[in-house]
Every structure is written in structure tokens, then in C-alpha cells.
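These notes concern the structure reproduced below.
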Number of protein chains: 2
Amino acid sequence: MKKQKRTTIYDIAKKLNLNASSVSRALSNNSNVSEATRQLILATAKELNYQQNSMASNLRKGQNQTIGVIVPRINQNFFADIIAGLEEVTYQKGYNLVICQSNESYLREIKCVNTLINQHVSCIAISICADFEDDSHLRNIKEHGIPLIQFDRVTDTLDTFKVLNDNEHASMEAVSHMIEQGYKRIALLEGPQNLNIFRQRKEGYLKALKKHNYPVLPELIKENAWTKELGAESTWQLLSLPEPPDAVFASTSDFSALGVLEVATKKGLKVPEELGICGYSNEPFTEITSPSITTIDQYSVSMGKTIANLFFQEIDFMDNGSHPQTVSIKPQLIIRSSTLRNKNQI
Amino acid sequence: MKKQKRTTIYDIAKKLNLNASSVSRALSNNSNVSEATRQLILATAKELNYQQNSMASNLRKGQNQTIGVIVPRINQNFFADIIAGLEEVTYQKGYNLVICQSNESYLREIKCVNTLINQHVSCIAISICADFEDDSHLRNIKEHGIPLIQFDRVTDTLDTFKVLNDNEHASMEAVSHMIEQGYKRIALLEGPQNLNIFRQRKEGYLKALKKHNYPVLPELIKENAWTKELGAESTWQLLSLPEPPDAVFASTSDFSALGVLEVATKKGLKVPEELGICGYSNEPFTEITSPSITTIDQYSVSMGKTIANLFFQEIDFMDNGSHPQTVSIKPQLIIRSSTLRNKNQI
DNA sequence: TAATTAGTTACAATCGATTGCAATTTGTGT
DNA sequence: ACACAAATTGCAATCGATTGTAACTAATTA
């Protein structure tokens with residue numbers, strides 16, 4: 001453990017027979033230093049290979065140019081994209097990202113929140129985990145005066161900044177599209193209903209049916225079909241119904257939709273002729289499958305940018321005690337072969 | 001900007017008529033506090049909603065429970081997986097990750113390094129960018145006494161800890177496999193040769209040819225075919241040769257391989273019968289394409305874990321001035337339909 | 001030339017937690 | 001009851017940068 005002593009502003013000051021305060025001012029481009037000494041200081045700083053100690057600086061300034069991000073999983077395309085977008089903007093502003101993953105665990109999410117509070121991060125952006133229980137840890141963030149931005153998966157029990165996808169609208173569009181393609185019995189694969197996003201997607205499904213005067217058939221709605229495997233399993237069940245569906249909206253994810261496609265292929269059902277399939281998320285693979293899968297793009301990278309921009313705006317807004325705002329991003333339905341029964345109708 | 005004053009150890013001390021030092025000791029489970037006052041302190045800490053200020057703590061302790069990570073792109077499966085693995089281990093140890101992306105830009109990489117040095121992170125893990133120029137910024141890391149771990153894309157001009165994939169071996173296996181499948185003219189799509197990984201992959205390709213007494217045909221080696229588009233373009237060129245290849249090893253990525261597959265499909269070439277295709281990285285989509293693509297899995301998540309473990313080991317090792325070690329991970333060839341011409345031969 | 005101002009630089013307190021050492025309290029043995 | 005050791009607690013310096021204020025120097029004006 002080498003105790004490499006780093007050069008501080010005091011070292012620079014001593015070498016130049018100056019006071020540390022002047023060094024500090026010179027390095028921070030503060031006006032109150034003569035140009036001559038400024039140059040001297042800058043030169044010796046470089047000579048001694050000086051690097052600011054941001055721990056000290058942050059402590060003194062009571063603030064830390066860092067944004068904390070908590071996501072269920074870092075290596076999930078959607079979240080990775082959001083983080084990339086976030087990083088892009090925060091980097092420009094000289095801010096850093098501290099990343100945590102909750103691994104869909106509530107306890108771990110709490111721990112992550114606490115660590116970030118300890119670090120006095122300037123802002124926390126969070127997408128809550130699947131087994132979210134209550135919002136006390138999020139309240140705690142606010143109690144410690146840290147701006148909080150929820151994104152994608154949010155809890156409505158708390159009044160915070162939010163960046164959302166308009167899941168309901170997107171789902172409605174997707175299901176409407178399928179109806180227009182002539183599908184009559186559209187099944188829904190739904191996700192855990194304690195997450196707002198899945199409730200909204202279901203709502204969109206229901207509204208689309210209603211709008212077109214389609215009946216809601218409970219036997220066509222399958223709970224908890226989140227993964228490819230669960231999607232496949234649900235599909236087996238659906239297809240063995242006396243009156244099986246002629247389309248499946250895998251509102252949980254494209255992986256689920258992939259499960260549907262695989263089962264359909266195994267059963268020898270033609271897609272999209274005999275079974276329509278629509279996923280959610282626009283995972284890269286959806287345009288590669290055969291047939292390619294209709295899905296919904298969530299603009300994840302720009303969602304990340306939006307979060308960051310919201311924060312940088314928010315800082316200014318704080319003065320005039322404005323209310324937390326919600327930004328809604330409209331996802332885009334991407335129509336591909338898996339639902340395109342009637343090629344003229346697009 | 002609410003100036004929410006946070007409770008400090010002084011607040012707790014004052015409330016209990018104690019000295020801050022006792023509070024500090026109590027909270028850090030230091031022995032020198034009576035159990036009675038410990039309980040008191042813990043109780044009031046909870047009551048006042050105390051959260052440690054790690055900026056102060058870190059400053060005093062001169063160290064910061066944080067590991068900095070620099071990758072070219074966060075939202076690239078390979079790197080996202082590595083980060084996920086890293087986070088998994090560091091989280092267990094109570095460490096945090098600060099993530100930066102160089103965006104394949106050398107200048108930006110330097111800036112990221114400097115920020116991390118300023119933060120006094122406990123360690124920096126880096127995978128260098130594509131237009132890497134020289135290692136002075138990495139040297140600077142060492143000069144500031146920060147342990148440095150390079151992974152995947154590394155420079156050999158510097159003696160640091162390294163976590164690598166055995167690219168050469170993996171490539172050799174892949175090409176050997178293709179040769180065994182009876183392919184006679186195997187093309188190579190290579191990546192920027194200033195990155196070690198691409199040099200190694202090419203080396204593996206060459207060694208495999210040599211081992212089987214195959215000639216090296218320069219016209220079958222295409223530079224800089226990194227993306228899907230570039231892969232496709234190179235393939236067009238290759239296929240219009242007087243003597244076109246009967247297999248392509250897209251050593252750069254699976255995306256490149258996908259480009260090859262698309263061109264082959266457009267040209268009506270049967271894969272694997274008329275053209276064998278092998279990619280690199282085991283992207284999720286490779287098992288979904290038709291035919292599925294043979295590729296190489298890099299164990300990215302466990303690579304991240306390895307990096308973290310190396311760091312936690314290293315800390316102990318530092319005492320007895322041991323030399324930086326290199327850990328090599330053997331990637332796995334995943335044989336799928338796109339090269340499986342002879343089904344019995346597997 | 002003296003007085004006033006502007007421009008520099010020095011001093012010292014501060015951010016909050018940690019830690020060596022001194023001072024105090026408590027406990028033990030005789 | 002006293003001496004001594006052990007356990008607690010308090011004091012004060014420290015980590016490195018920042019910043020308000022004071023002190024000093026140089027420049028400007030009457």
C-alpha cells in the first residue's frame with residue numbers, strides 16, 4: 001500500500017511562498033488573483049502534477065457533482081440505454097454518475113438509496129424494483145434535501161419529478177393496430193401489476209378493446225408472463241383453449257413475444273396469418289427474427305437525456321418552489337411482419 | 001434550493017451531552033464506547049434520521065470506497081454485462097461504482113481518467129477506446145497511487161493488472177472448427193489493429209490456417225468491418241471476387257456477422273451449405289437468427305466479477321510489493337447452425 | 001504629497017468525520 | 001479504604017479546499 005503523498009494546494013503555495021487561498025482562487029479561475037501569479041501557480045501545478053481533491057472540495061462546498069442512478073439491472077438494454085443517455089448529458093455538465101443495481105430486490109434498493117444519500121449526491125434517479133413495497137426510502141431522499149427523479153417504473157404515492165413512457169397510449173395503439181389488421185381474439189400477456197408500467201399497458205389494451213367494441217375475454221389474459229419461458233408457457237395454455245386467440249400482445253417484453261413466436265413456430269402456426277404477435281421494447285433482435293416482430297420503441301437513450309435535462313432545469317427552478325413535473329415520452333409503435341396480415345392496410 | 005441542514009454527529013453529540021468523537025466511535029462500531037451510550041447514540045441517530053456524510057469521512061480517511069470504470073460504451077452488451085458483474089461483487093464489499101464512457105474518444109477518455117483521479121477512487125478499471133493514442137493518462141493514474149486494472153482492450157506498453165480474454169485461442173478454435181467443417185476459403189473481417197483484441201483475433205486466424213496448412217489469402221482479409229453495415233459491405237466485395245470465400249469469420253462482432261448473413265440471404269446463398277458464418281461475442285440475437293450464428297462467448301459477467309475480485313485481492317497483495325498479474329479468461333466457442341455443414345462432425 | 005481607491009495576498013474559520021492522546025470515570029484487588 | 005488498572009469519554013488536530021474578511025501594496029486623484 002504505497003502511501004504516495006499527493007500534491008495539494010499547500011504544496012504549491014509553499015513552493016511559491018504564497019498562501020493556499022491564492023492557489024485555490026487561481027485554480028478555480030477566481031478573479032482575485034493577479035495574472036502573473038495565476039500563471040505561476042498554473043505552471044507549478046502542472047509541474048507537481050497536481051490534481052484537485054474533490055472530496056475536500058465537495059465537503060467544503062457541501063455538494064458533489066454526482067448523480068446517483070438506481071436501476072433493477074444495468075445490463076438490460078432498456079436501462080443500459082437510459083444510463084448511456086444520462087451519462088452523455090451529465091458528462092457535458094461535468095457531473096458524474098454513480099450506478100447501482102437493485103437486482104429487483106427491495107432490500108437492496110433501500111441499501112442503494114442509503115449509500116447515495118451518504119454520498120450527498122446532487123440528485124437520485126431511480127426506476128423501482130419489481131418487488132417494491134413502500135416508499136419510505138424514497139421519502140427519505142426528499143427529507144435529506146436531495147432532488148428525486150423517478151423514471152419508467154415509478155410509484156405514484158409520492159410527488160416527485162417523473163419521466164415516463166406513455167405506456168397506455170402505446171399499448172392502445174398497438175392493440176388498435178392489431179384490431180385493424182383483422183385480429184378478433186387478442187390475448188394479453190401481462191406483467192406484475194404492482195408496477196405502474198404494466199398496469200398502464202393493460203389499461204391501454206382494455207381501452208383499445210372498448211374503443212372498438214370488442215369484448216374483454218378474461219381467459220385470454222395471462223398474468224406474469226415476463227420472460228421468454230413464461231411467455232412460451234402462457235402461449236401453450238392459450239393455444240390449447242377451445243377457442244384460442246388469433247393474436248398475442250406480449251405487453252411485458254420482447255422476450256416474452258419471442259417465447260410466443262417460438263411456440264407458434266413449433267406448433268406450425270403461421271405468423272402473422274394465423275397468429276399475430278406484438279412485443280414491447282424494441283429489443284435489437286426483434287427486427288432479426290423471422291418474421292420480424294412488431295413492437296414498441298421506448299426511446300430509451302433520449303429518456304436518459306430527458307432525465308438529466310430535467311435535473312439541470314430543476315436546479316434553477318428550485319428557487320421559486322415550483323412543483324415537481326412529469327415528463328411523458330410517447331413511445332412509437334413499430335409495425336413489422338408479425339402483425340402485418342393485410343399489407344395494404346398499413 | 002432548500003438549505004435542508006442535515007444532522008451531523010455534532011447534532012447527536014449535543015443532544016446527548018457527549019462529544020462528537022464518541023458518536024463517531026459508536027457509529028463505526030469502535031470498541032471504545034460503553035454499550036449503554038452506544039445504544040443511546042444509535043437510537044438518537046435513528047431518531048434524527050442521521051446519515052453519514054461520506055465526503056467528510058472519505059476526506060479524513062483519505063480513501064473513498066469507490067471504483068471508477070471507464071468503458072467505450074455503456075450500452076453495449078459486452079460492457080454492460082461486465083459492469084453488472086463488477087457491481088455485483090463491489091456491492092457486496094460496500095463499494096460503489098462510478099461509470100464513465102469514453103465514447104471511443106481519446107480526449108474524452110483522458111478527461112474521464114482525470115475526473116476519477118480527482119475523486120480519489122480506490123481503483124480504476126478501464127477498457128481503452130478505439131482511437132487510443134498513448135498511455136500517459138494511464139501512467140498518471142499509477143503516479144497518483146491508484147491501482148489500475150485494464151480489461152479486454154488493453155495496452156501492453158504499461159505494466160498493470162489485466163483481465164483478458166484469450167482472443168487468439170478462441171479465434172483459432174473458431175477457424176479450426178470451420179476448417180474441420182470442410183470450408184476451404186475462409187475470409188476474415190478484422191477490426192482496428194491498434195486494439196490488441198483485434199490483433200489477437202487475427203493472429204488466431206492466421207495460426208489456425210497455418211496449423212492446417214492452409215494458405216493465407218490476402219484478398220480474403222478485410223480491414224475495418226466493425227459494424228453490421230461495414231460487415232455487409234465487405235461481404236459484397238468478397239462475394240464478387242473471382243474466387244469468393246466459402247466462409248466468413250467476422251472477428252469483430254456478431255453485428256458484423258449479421259451483416260454477412262443478410263447479404264448472403266439477399267444473394268440467395270445457403271448458410272451454412274454455401275457460406276459459413278462465425279461471429280464474435282455471443283450477442284443474444286445470434287441464437288435467434290435463421291440460421292442461428294456460430295459465435296464466441298466471452299463470459300462477460302464473470303469477467304466483471306474477476307476484475308472486482310482482482311482488486312480486492314490486490315489490496316492485500318500491495319504490502320509485499322507483488323507484480324501486477326494478468327488473468328486470462330478462456331472464451332467458449334458456441335457452435336450453431338451457421339457453420340454446421342456436417343452435422344455428424346460435431 | 002497626502003488621501004482614496006482598486007487590486008492582491010494573507011489569515012483564519014469552515015465543511016463533518018476520524019483518531020491519537022489526555023483526562024476522567026469505573027472497576028478490581030488487597 | 002486505597003492504589004492501580006481498565007474502560008470511557010473529551011480534547012484537539014487533521015484531511016484539503018473554499019471563502020469572508022482583514023491587511024497590505026500599488027495605482028489613481030485632488
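Chain labels run A, B, ... following the order of the C-alpha cells; each chain numbers its residues from 1, and ligands are numbered from 1 in the order shown.
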For this session: Tell me the residues of chain C close to chain B, meaning within 8 Å using only C-alpha atoms (C1' of nucleotides), as a PyMOL selection string.
Result: chain C and resi 15-18
Please dump the current selection as a PDB file, in the first residue's frame; keep N, CA, C and O atoms (P, O5', C5', C4', C3', O3' and C1' of nucleotides).
```pdb
ATOM      1  P    DC C  15     -19.401  24.762   9.647  1.00  0.00           P
ATOM      2  O5'  DC C  15     -19.433  23.607   8.554  1.00  0.00           O
ATOM      3  C5'  DC C  15     -19.777  23.873   7.194  1.00  0.00           C
ATOM      4  C4'  DC C  15     -19.287  22.744   6.347  1.00  0.00           C
ATOM      5  C3'  DC C  15     -19.423  21.383   7.024  1.00  0.00           C
ATOM      6  O3'  DC C  15     -20.649  20.787   6.608  1.00  0.00           O
ATOM      7  C1'  DC C  15     -17.286  21.650   5.920  1.00  0.00           C
ATOM      8  P    DG C  16     -21.615  20.212   7.796  1.00  0.00           P
ATOM      9  O5'  DG C  16     -20.892  18.855   8.198  1.00  0.00           O
ATOM     10  C5'  DG C  16     -20.915  17.774   7.287  1.00  0.00           C
ATOM     11  C4'  DG C  16     -20.014  16.698   7.791  1.00  0.00           C
ATOM     12  C3'  DG C  16     -20.379  16.137   9.163  1.00  0.00           C
ATOM     13  O3'  DG C  16     -20.544  14.746   8.997  1.00  0.00           O
ATOM     14  C1'  DG C  16     -18.076  16.613   9.045  1.00  0.00           C
ATOM     15  P    DA C  17     -20.874  13.769  10.154  1.00  0.00           P
ATOM     16  O5'  DA C  17     -19.511  12.965  10.233  1.00  0.00           O
ATOM     17  C5'  DA C  17     -19.093  12.250   9.078  1.00  0.00           C
ATOM     18  C4'  DA C  17     -17.647  11.845   9.220  1.00  0.00           C
ATOM     19  C3'  DA C  17     -17.362  10.845  10.341  1.00  0.00           C
ATOM     20  O3'  DA C  17     -16.699   9.735   9.756  1.00  0.00           O
ATOM     21  C1'  DA C  17     -15.864  12.684  10.444  1.00  0.00           C
ATOM     22  P    DT C  18     -16.354   8.456  10.570  1.00  0.00           P
ATOM     23  O5'  DT C  18     -14.852   8.687  11.005  1.00  0.00           O
ATOM     24  C5'  DT C  18     -13.884   8.811   9.994  1.00  0.00           C
ATOM     25  C4'  DT C  18     -12.548   9.146  10.597  1.00  0.00           C
ATOM     26  C3'  DT C  18     -12.037   8.171  11.673  1.00  0.00           C
ATOM     27  O3'  DT C  18     -10.755   7.761  11.252  1.00  0.00           O
ATOM     28  C1'  DT C  18     -11.777  10.403  12.378  1.00  0.00           C
TER      29       DT C  18
END
```
Residues of chain D at most 9 Å from chain B: nearest atom pair and distance in Å, only C-alpha atoms (C1' of nucleotides), as a tab-separated table:
```
residue	atom	partner	partner_atom	distance
D:DA7	C1'	B:Asn32	CA	7.7
D:DT8	C1'	B:Val33	CA	6.2
D:DT9	C1'	B:Ser22	CA	7.0
D:DG10	C1'	B:Asn19	CA	6.4
D:DT14	C1'	B:Arg60	CA	7.4
D:DC15	C1'	B:Arg60	CA	4.3
D:DG16	C1'	B:Leu59	CA	7.8
```
Exercise. Segment 196-242 of chain A: which residues are alpha helix (DSSP H) by DSSP, as a PyMOL selection string?
Worked result: chain A and resi 196-211+228-239
Counting only C-alpha atoms, which residues in chain A sit no more than 7 Å from chain B? For each one, give the nearest pair of atoms and the distance in Å, sorted by chain then residue number, as JSON lines.
```
{"residue": "A:Met1", "atom": "CA", "partner": "B:Met318", "partner_atom": "CA", "distance": 4.9}
{"residue": "A:Lys2", "atom": "CA", "partner": "B:Gly145", "partner_atom": "CA", "distance": 6.7}
{"residue": "A:Gln4", "atom": "CA", "partner": "B:Gly145", "partner_atom": "CA", "distance": 5.7}
{"residue": "A:Arg6", "atom": "CA", "partner": "B:His144", "partner_atom": "CA", "distance": 6.7}
{"residue": "A:Gln51", "atom": "CA", "partner": "B:Asn118", "partner_atom": "CA", "distance": 5.8}
{"residue": "A:Gln52", "atom": "CA", "partner": "B:Asn118", "partner_atom": "CA", "distance": 5.3}
{"residue": "A:Asn53", "atom": "CA", "partner": "B:Asn118", "partner_atom": "CA", "distance": 5.1}
{"residue": "A:Ser54", "atom": "CA", "partner": "B:Gln119", "partner_atom": "CA", "distance": 5.3}
{"residue": "A:Met55", "atom": "CA", "partner": "B:Leu59", "partner_atom": "CA", "distance": 5.5}
{"residue": "A:Ala56", "atom": "CA", "partner": "B:Leu59", "partner_atom": "CA", "distance": 5.9}
{"residue": "A:Asn58", "atom": "CA", "partner": "B:Met55", "partner_atom": "CA", "distance": 6.9}
{"residue": "A:Leu59", "atom": "CA", "partner": "B:Met55", "partner_atom": "CA", "distance": 5.5}
{"residue": "A:Ile74", "atom": "CA", "partner": "B:Ala84", "partner_atom": "CA", "distance": 5.7}
{"residue": "A:Asn75", "atom": "CA", "partner": "B:Ala80", "partner_atom": "CA", "distance": 4.7}
{"residue": "A:Asn77", "atom": "CA", "partner": "B:Asn75", "partner_atom": "CA", "distance": 6.8}
{"residue": "A:Ala80", "atom": "CA", "partner": "B:Asn75", "partner_atom": "CA", "distance": 4.7}
{"residue": "A:Asp81", "atom": "CA", "partner": "B:Asn75", "partner_atom": "CA", "distance": 5.3}
{"residue": "A:Ala84", "atom": "CA", "partner": "B:Ile74", "partner_atom": "CA", "distance": 5.7}
{"residue": "A:Leu97", "atom": "CA", "partner": "B:Val98", "partner_atom": "CA", "distance": 5.7}
{"residue": "A:Val98", "atom": "CA", "partner": "B:Val98", "partner_atom": "CA", "distance": 4.6}
{"residue": "A:Ile99", "atom": "CA", "partner": "B:Leu97", "partner_atom": "CA", "distance": 5.9}
{"residue": "A:Asn118", "atom": "CA", "partner": "B:Asn53", "partner_atom": "CA", "distance": 5.1}
{"residue": "A:Gln119", "atom": "CA", "partner": "B:Ser54", "partner_atom": "CA", "distance": 5.3}
{"residue": "A:His120", "atom": "CA", "partner": "B:Asn53", "partner_atom": "CA", "distance": 6.9}
{"residue": "A:His144", "atom": "CA", "partner": "B:Arg6", "partner_atom": "CA", "distance": 6.7}
{"residue": "A:Gly145", "atom": "CA", "partner": "B:Gln4", "partner_atom": "CA", "distance": 5.7}
{"residue": "A:Phe285", "atom": "CA", "partner": "B:Phe285", "partner_atom": "CA", "distance": 5.2}
{"residue": "A:Ile288", "atom": "CA", "partner": "B:Thr289", "partner_atom": "CA", "distance": 6.2}
{"residue": "A:Thr289", "atom": "CA", "partner": "B:Thr289", "partner_atom": "CA", "distance": 5.7}
{"residue": "A:Met318", "atom": "CA", "partner": "B:Met1", "partner_atom": "CA", "distance": 4.8}
{"residue": "A:Asp319", "atom": "CA", "partner": "B:Met1", "partner_atom": "CA", "distance": 5.4}
```
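Atom CA of Pro215 of chain B to atom CA of Arg185 of chain B spans 9.1 Å [interatomic distance, one decimal].
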